[in-house]
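Enquirer: Okay, here's the structure, questions in a sec.
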Amino acid sequence: GARQEVTVLEQHAAVLLATSAERQLAESEAQSKIDELEASLSELKSLEAEQEAALQSAQAEVASLKDASSSDAAAVAETQGKLAETESKLAQAERKLSEATAQSETAEKEHAEALAASVAALEAAKAEHTAALETASAVKESTDTEAQSKID
């Protein structure tokens with residue numbers, strides 16, 4: 001009778017605690033993944049900024065060397081060699097910048113997808129928790145009603 005009802009309530013309380021613990025674990029795991037992705041994204045953005053600075057430096061050097069190459073006929077050959085080397089560095093810097101940009105875009109997409117998955121998981125856990133609370137509430141109400149009728 002009443003002991004069975006108390007046991008049922010205890011079981012429902014245990015289910016609620018387990019559901020709450022699962023939800024907290026899912027939230028913690030989702031936050032860890034978000035933090036990890038944000039750190040990766042920050043790292044890629046830093047690399048992209050470094051590559052952009054290298055690119056600008058190489059462009060300035062190319063411009064400077066082009067100006068210097070017109071001043072002295074004897075220095076023209078040497079300057080053209082330096083110019084070719086700098087242009088090669090410029091092309092490499094542009095390639096690295098392009099790669100860093102692609103990595104950054106990929107990381108941003110992964111971050112957005114992970115965030116969406118985390119939100120969906122949290123919504124599912126919330127719905128499950130809400131359903132368990134409603135079930136426990138209904139059982140308690142039923143038990144209270146039965147107990148009250150036995151008292152009356």
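Identifiers in the structure tokens: chain A, B, ... in order shown; residue index from 1 per chain; ligand index from 1 in order shown.
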Please list as a list in words every residue within 12 Å of Ala63 in chain A, counting only C-alpha atoms and excluding residues in the same chain fewer than 3 positions away.
Expert: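 With the cut-off at 12 Å, the set is Gln56, Ser57, Ala58, Gln59, Ala60, Lys66, Asp67, Ala68, Ser69, Ser70, Thr79, Gln80, Lys82, Leu83, Thr86, Glu87 and Leu90 of chain A.
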Enquirer: Could you write out the selected residues, including N, CA and C atoms, as a CSV table (one decimal), in the first residue's frame?
Expert:
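Saved result, part.csv, follows:
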```csv
chain,number,residue,atom,x,y,z
A,56,GLN,N,52.0,41.8,-46.1
A,56,GLN,CA,52.1,43.2,-46.2
A,56,GLN,C,53.6,43.6,-46.2
A,57,SER,N,54.4,43.0,-45.4
A,57,SER,CA,55.8,43.2,-45.4
A,57,SER,C,56.5,42.9,-46.7
A,58,ALA,N,56.1,41.7,-47.2
A,58,ALA,CA,56.7,41.3,-48.5
A,58,ALA,C,56.2,42.3,-49.6
A,59,GLN,N,55.0,42.7,-49.6
A,59,GLN,CA,54.5,43.7,-50.6
A,59,GLN,C,55.3,45.0,-50.5
A,60,ALA,N,55.6,45.5,-49.3
A,60,ALA,CA,56.3,46.7,-49.1
A,60,ALA,C,57.7,46.5,-49.6
A,66,LYS,N,61.5,47.5,-56.2
A,66,LYS,CA,61.1,48.0,-57.6
A,66,LYS,C,61.6,49.4,-57.7
A,67,ASP,N,61.5,50.2,-56.7
A,67,ASP,CA,61.9,51.6,-56.7
A,67,ASP,C,63.5,51.7,-56.8
A,68,ALA,N,64.1,50.8,-56.0
A,68,ALA,CA,65.6,50.8,-56.0
A,68,ALA,C,66.2,50.3,-57.3
A,69,SER,N,65.4,49.4,-58.0
A,69,SER,CA,66.0,48.8,-59.2
A,69,SER,C,66.2,49.8,-60.3
A,70,SER,N,65.4,50.9,-60.3
A,70,SER,CA,65.5,51.8,-61.4
A,70,SER,C,66.6,52.9,-61.2
A,79,THR,N,69.3,43.6,-57.7
A,79,THR,CA,67.9,44.0,-57.2
A,79,THR,C,66.8,43.1,-57.9
A,80,GLN,N,67.0,42.8,-59.1
A,80,GLN,CA,66.0,41.9,-59.8
A,80,GLN,C,66.1,40.5,-59.2
A,82,LYS,N,66.8,39.9,-56.0
A,82,LYS,CA,66.1,40.1,-54.7
A,82,LYS,C,64.6,40.2,-54.9
A,83,LEU,N,64.3,40.9,-56.0
A,83,LEU,CA,62.9,41.1,-56.3
A,83,LEU,C,62.2,39.7,-56.6
A,86,THR,N,61.9,37.9,-53.3
A,86,THR,CA,60.8,38.5,-52.5
A,86,THR,C,59.4,38.2,-53.1
A,87,GLU,N,59.3,38.2,-54.4
A,87,GLU,CA,58.0,37.9,-55.1
A,87,GLU,C,57.7,36.4,-54.8
A,90,LEU,N,56.5,36.4,-51.4
A,90,LEU,CA,55.1,37.0,-51.4
A,90,LEU,C,54.1,35.9,-51.9
```
Enquirer: With only C-alpha atoms as the counted atoms, please give the residues lying no more than 12 Å from Ala102 in chain A, apart from itself and same-chain residues fewer than 4 positions off, as a ChimeraX atom specification.
Expert: /A:41,44-45,47-48,95-98,106-109
Enquirer: Got time to write the residues from that selection, all heavy atoms, as a short mmCIF file (atom, residue, chain, number, x, y, z; two decimals), in the first residue's frame?
Expert:
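Output below, filename selection23.cif:
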```
data_model
loop_
_atom_site.label_atom_id
_atom_site.label_comp_id
_atom_site.auth_asym_id
_atom_site.auth_seq_id
_atom_site.Cartn_x
_atom_site.Cartn_y
_atom_site.Cartn_z
N LEU A 41 39.93 28.03 -33.18
CA LEU A 41 39.56 29.15 -34.05
C LEU A 41 40.43 30.37 -33.75
O LEU A 41 40.93 31.02 -34.67
CB LEU A 41 38.08 29.48 -33.85
CG LEU A 41 37.50 30.58 -34.71
CD1 LEU A 41 37.61 30.23 -36.19
CD2 LEU A 41 36.04 30.82 -34.34
N LEU A 44 43.86 29.81 -35.20
CA LEU A 44 43.87 29.98 -36.66
C LEU A 44 43.78 31.45 -37.05
O LEU A 44 44.44 31.89 -38.00
CB LEU A 44 42.73 29.19 -37.29
CG LEU A 44 42.93 27.67 -37.29
CD1 LEU A 44 41.66 26.97 -37.74
CD2 LEU A 44 44.09 27.29 -38.20
N LYS A 45 43.00 32.23 -36.32
CA LYS A 45 42.88 33.65 -36.61
C LYS A 45 44.22 34.36 -36.35
O LYS A 45 44.61 35.26 -37.09
CB LYS A 45 41.75 34.28 -35.80
CG LYS A 45 40.38 33.93 -36.34
CD LYS A 45 39.27 34.63 -35.60
CE LYS A 45 37.91 34.28 -36.21
NZ LYS A 45 36.82 34.96 -35.54
N LEU A 47 47.18 32.93 -36.60
CA LEU A 47 48.05 32.53 -37.71
C LEU A 47 47.70 33.34 -38.96
O LEU A 47 48.59 33.80 -39.68
CB LEU A 47 47.89 31.03 -37.99
CG LEU A 47 48.68 30.47 -39.16
CD1 LEU A 47 50.18 30.64 -38.94
CD2 LEU A 47 48.35 28.99 -39.36
N GLU A 48 46.43 33.54 -39.19
CA GLU A 48 45.99 34.31 -40.36
C GLU A 48 46.51 35.76 -40.26
O GLU A 48 47.00 36.32 -41.25
CB GLU A 48 44.46 34.31 -40.42
CG GLU A 48 43.89 34.97 -41.63
CD GLU A 48 42.36 34.89 -41.70
OE1 GLU A 48 41.74 34.22 -40.86
OE2 GLU A 48 41.81 35.51 -42.61
N ARG A 95 49.89 32.08 -50.39
CA ARG A 95 49.40 30.70 -50.31
C ARG A 95 49.10 30.33 -48.86
O ARG A 95 48.05 29.77 -48.55
CB ARG A 95 50.43 29.74 -50.91
CG ARG A 95 49.97 28.29 -50.90
CD ARG A 95 51.05 27.32 -51.39
NE ARG A 95 52.33 27.47 -50.71
CZ ARG A 95 52.62 26.99 -49.51
NH1 ARG A 95 51.71 26.35 -48.82
NH2 ARG A 95 53.82 27.17 -48.98
N LYS A 96 50.03 30.68 -47.96
CA LYS A 96 49.83 30.37 -46.54
C LYS A 96 48.61 31.10 -45.98
O LYS A 96 47.85 30.54 -45.19
CB LYS A 96 51.08 30.71 -45.73
CG LYS A 96 52.21 29.72 -45.94
CD LYS A 96 53.41 30.08 -45.08
CE LYS A 96 54.55 29.10 -45.29
NZ LYS A 96 55.73 29.46 -44.47
N LEU A 97 48.45 32.35 -46.41
CA LEU A 97 47.29 33.11 -45.96
C LEU A 97 46.01 32.44 -46.45
O LEU A 97 45.04 32.32 -45.71
CB LEU A 97 47.37 34.56 -46.46
CG LEU A 97 46.17 35.44 -46.13
CD1 LEU A 97 45.97 35.53 -44.62
CD2 LEU A 97 46.34 36.82 -46.72
N SER A 98 46.02 32.01 -47.69
CA SER A 98 44.85 31.32 -48.25
C SER A 98 44.54 30.05 -47.47
O SER A 98 43.38 29.77 -47.15
CB SER A 98 45.11 31.00 -49.73
OG SER A 98 44.03 30.28 -50.26
N THR A 106 36.85 26.60 -42.00
CA THR A 106 36.46 25.23 -41.62
C THR A 106 36.21 25.15 -40.12
O THR A 106 35.22 24.56 -39.68
CB THR A 106 37.56 24.23 -42.04
OG1 THR A 106 37.71 24.28 -43.45
CG2 THR A 106 37.21 22.82 -41.63
N ALA A 107 37.12 25.75 -39.34
CA ALA A 107 36.96 25.73 -37.89
C ALA A 107 35.69 26.46 -37.46
O ALA A 107 34.98 26.01 -36.56
CB ALA A 107 38.19 26.34 -37.22
N GLU A 108 35.40 27.58 -38.10
CA GLU A 108 34.18 28.31 -37.78
C GLU A 108 32.95 27.46 -38.09
O GLU A 108 32.00 27.43 -37.31
CB GLU A 108 34.12 29.62 -38.57
CG GLU A 108 35.05 30.70 -38.05
CD GLU A 108 35.01 31.99 -38.85
OE1 GLU A 108 34.11 32.18 -39.69
OE2 GLU A 108 35.90 32.80 -38.64
N LYS A 109 32.98 26.75 -39.22
CA LYS A 109 31.85 25.88 -39.59
C LYS A 109 31.70 24.75 -38.57
O LYS A 109 30.59 24.46 -38.11
CB LYS A 109 32.08 25.31 -40.99
CG LYS A 109 30.94 24.41 -41.46
CD LYS A 109 31.20 23.85 -42.85
CE LYS A 109 30.09 22.87 -43.23
NZ LYS A 109 30.39 22.15 -44.44
#
```
Enquirer: Extract, using only C-alpha atoms, all DNA, RNA and protein residues at most 10 Å from range 128-133 of chain A, discarding same-chain residues fewer than 2 positions from it, and format them as a list in words.
Expert: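 So the residues in contact are His12, Ala13, Val15, Leu16, Leu17, Ala18, Thr19, Ser20, Glu22, Arg23, Leu122, Glu123, Ala124, Ala125, Lys126, Thr135, Ala136, Ser137, Ala138 and Val139 of chain A.
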Enquirer: Please, what distance in Å, to one decimal, runs between CA of Gln24 in chain A and CA of His111 in chain A?
Expert: 20.5 Å
Enquirer: For Val6 in chain A, find every residue with an atom within 12 Å (counting only C-alpha atoms), except residues of its own chain fewer than 3 positions away, and show them as a list in words.
Expert: Gly1, Ala2, Arg3, Leu9, Glu10, Gln11, His12, Ala13, Ala136, Val139, Lys140, Ser142, Thr143, Asp144 and Ala147 of chain A
Enquirer: Could those residues be written to a file, using N, CA and C atoms, as an mmCIF file, in the first residue's frame?
Expert:
```
data_model
loop_
_atom_site.group_PDB
_atom_site.id
_atom_site.type_symbol
_atom_site.label_atom_id
_atom_site.label_comp_id
_atom_site.auth_asym_id
_atom_site.auth_seq_id
_atom_site.Cartn_x
_atom_site.Cartn_y
_atom_site.Cartn_z
ATOM 1 N N GLY A 1 0.818 -1.183 0.000
ATOM 2 C CA GLY A 1 0.000 0.000 0.000
ATOM 3 C C GLY A 1 0.858 1.242 0.000
ATOM 4 N N ALA A 2 0.912 1.858 1.179
ATOM 5 C CA ALA A 2 1.630 3.126 1.287
ATOM 6 C C ALA A 2 3.125 2.929 1.074
ATOM 7 N N ARG A 3 3.663 1.802 1.538
ATOM 8 C CA ARG A 3 5.104 1.516 1.379
ATOM 9 C C ARG A 3 5.443 1.373 -0.116
ATOM 10 N N LEU A 9 7.730 6.383 -5.520
ATOM 11 C CA LEU A 9 8.201 7.768 -5.498
ATOM 12 C C LEU A 9 9.727 7.830 -5.404
ATOM 13 N N GLU A 10 10.310 6.955 -4.607
ATOM 14 C CA GLU A 10 11.774 6.921 -4.495
ATOM 15 C C GLU A 10 12.401 6.553 -5.835
ATOM 16 N N GLN A 11 11.777 5.604 -6.548
ATOM 17 C CA GLN A 11 12.292 5.203 -7.861
ATOM 18 C C GLN A 11 12.220 6.374 -8.840
ATOM 19 N N HIS A 12 11.109 7.085 -8.807
ATOM 20 C CA HIS A 12 10.964 8.238 -9.699
ATOM 21 C C HIS A 12 11.976 9.334 -9.341
ATOM 22 N N ALA A 13 12.235 9.507 -8.065
ATOM 23 C CA ALA A 13 13.233 10.492 -7.641
ATOM 24 C C ALA A 13 14.613 10.084 -8.155
ATOM 25 N N ALA A 136 6.709 12.119 -12.454
ATOM 26 C CA ALA A 136 6.850 12.053 -10.997
ATOM 27 C C ALA A 136 5.750 12.856 -10.319
ATOM 28 N N VAL A 139 2.524 10.882 -10.540
ATOM 29 C CA VAL A 139 2.540 9.750 -9.599
ATOM 30 C C VAL A 139 2.324 10.256 -8.180
ATOM 31 N N LYS A 140 2.985 11.357 -7.836
ATOM 32 C CA LYS A 140 2.823 11.913 -6.496
ATOM 33 C C LYS A 140 1.385 12.347 -6.272
ATOM 34 N N SER A 142 -1.298 11.230 -7.729
ATOM 35 C CA SER A 142 -2.117 10.015 -7.631
ATOM 36 C C SER A 142 -1.952 9.378 -6.261
ATOM 37 N N THR A 143 -0.698 9.322 -5.804
ATOM 38 C CA THR A 143 -0.402 8.713 -4.495
ATOM 39 C C THR A 143 -1.044 9.541 -3.389
ATOM 40 N N ASP A 144 -0.933 10.863 -3.498
ATOM 41 C CA ASP A 144 -1.545 11.741 -2.495
ATOM 42 C C ASP A 144 -3.046 11.551 -2.469
ATOM 43 N N ALA A 147 -3.789 8.186 -0.866
ATOM 44 C CA ALA A 147 -3.520 8.253 0.562
ATOM 45 C C ALA A 147 -4.623 9.047 1.268
#
```
Enquirer: Which one of A:Gln31, A:Gln92, A:Val8, A:Ala21 sits closest to Ala117 in chain A if you count only C-alpha atoms?
Expert: A:Gln31
Enquirer: Any idea what the distance is between CA of Glu43 in chain A and CA of Ala91 in chain A?
Expert: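 Those two atoms sit 22.6 Å apart.
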Enquirer: CA of Ser32 in chain A and CA of Gln103 in chain A are how many Å apart?
Expert: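 Separating CA of Ser32 in chain A from CA of Gln103 in chain A is a distance of 20.6 Å.
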Enquirer: Compare A:Gln51, A:Glu5, A:Glu110, A:Val76 by their minimum atom-to-atom distance to Lys89 in chain A, counting only C-alpha atoms, and give me the closest one.
Expert: A:Gln51
Enquirer: Using only C-alpha atoms, which of A:Ala127, A:Ala112, A:Ile151, A:Ala121 sits nearest Ile34 in chain A?
Expert: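 Smallest distance to Ile34 in chain A is found for A:Ala112.
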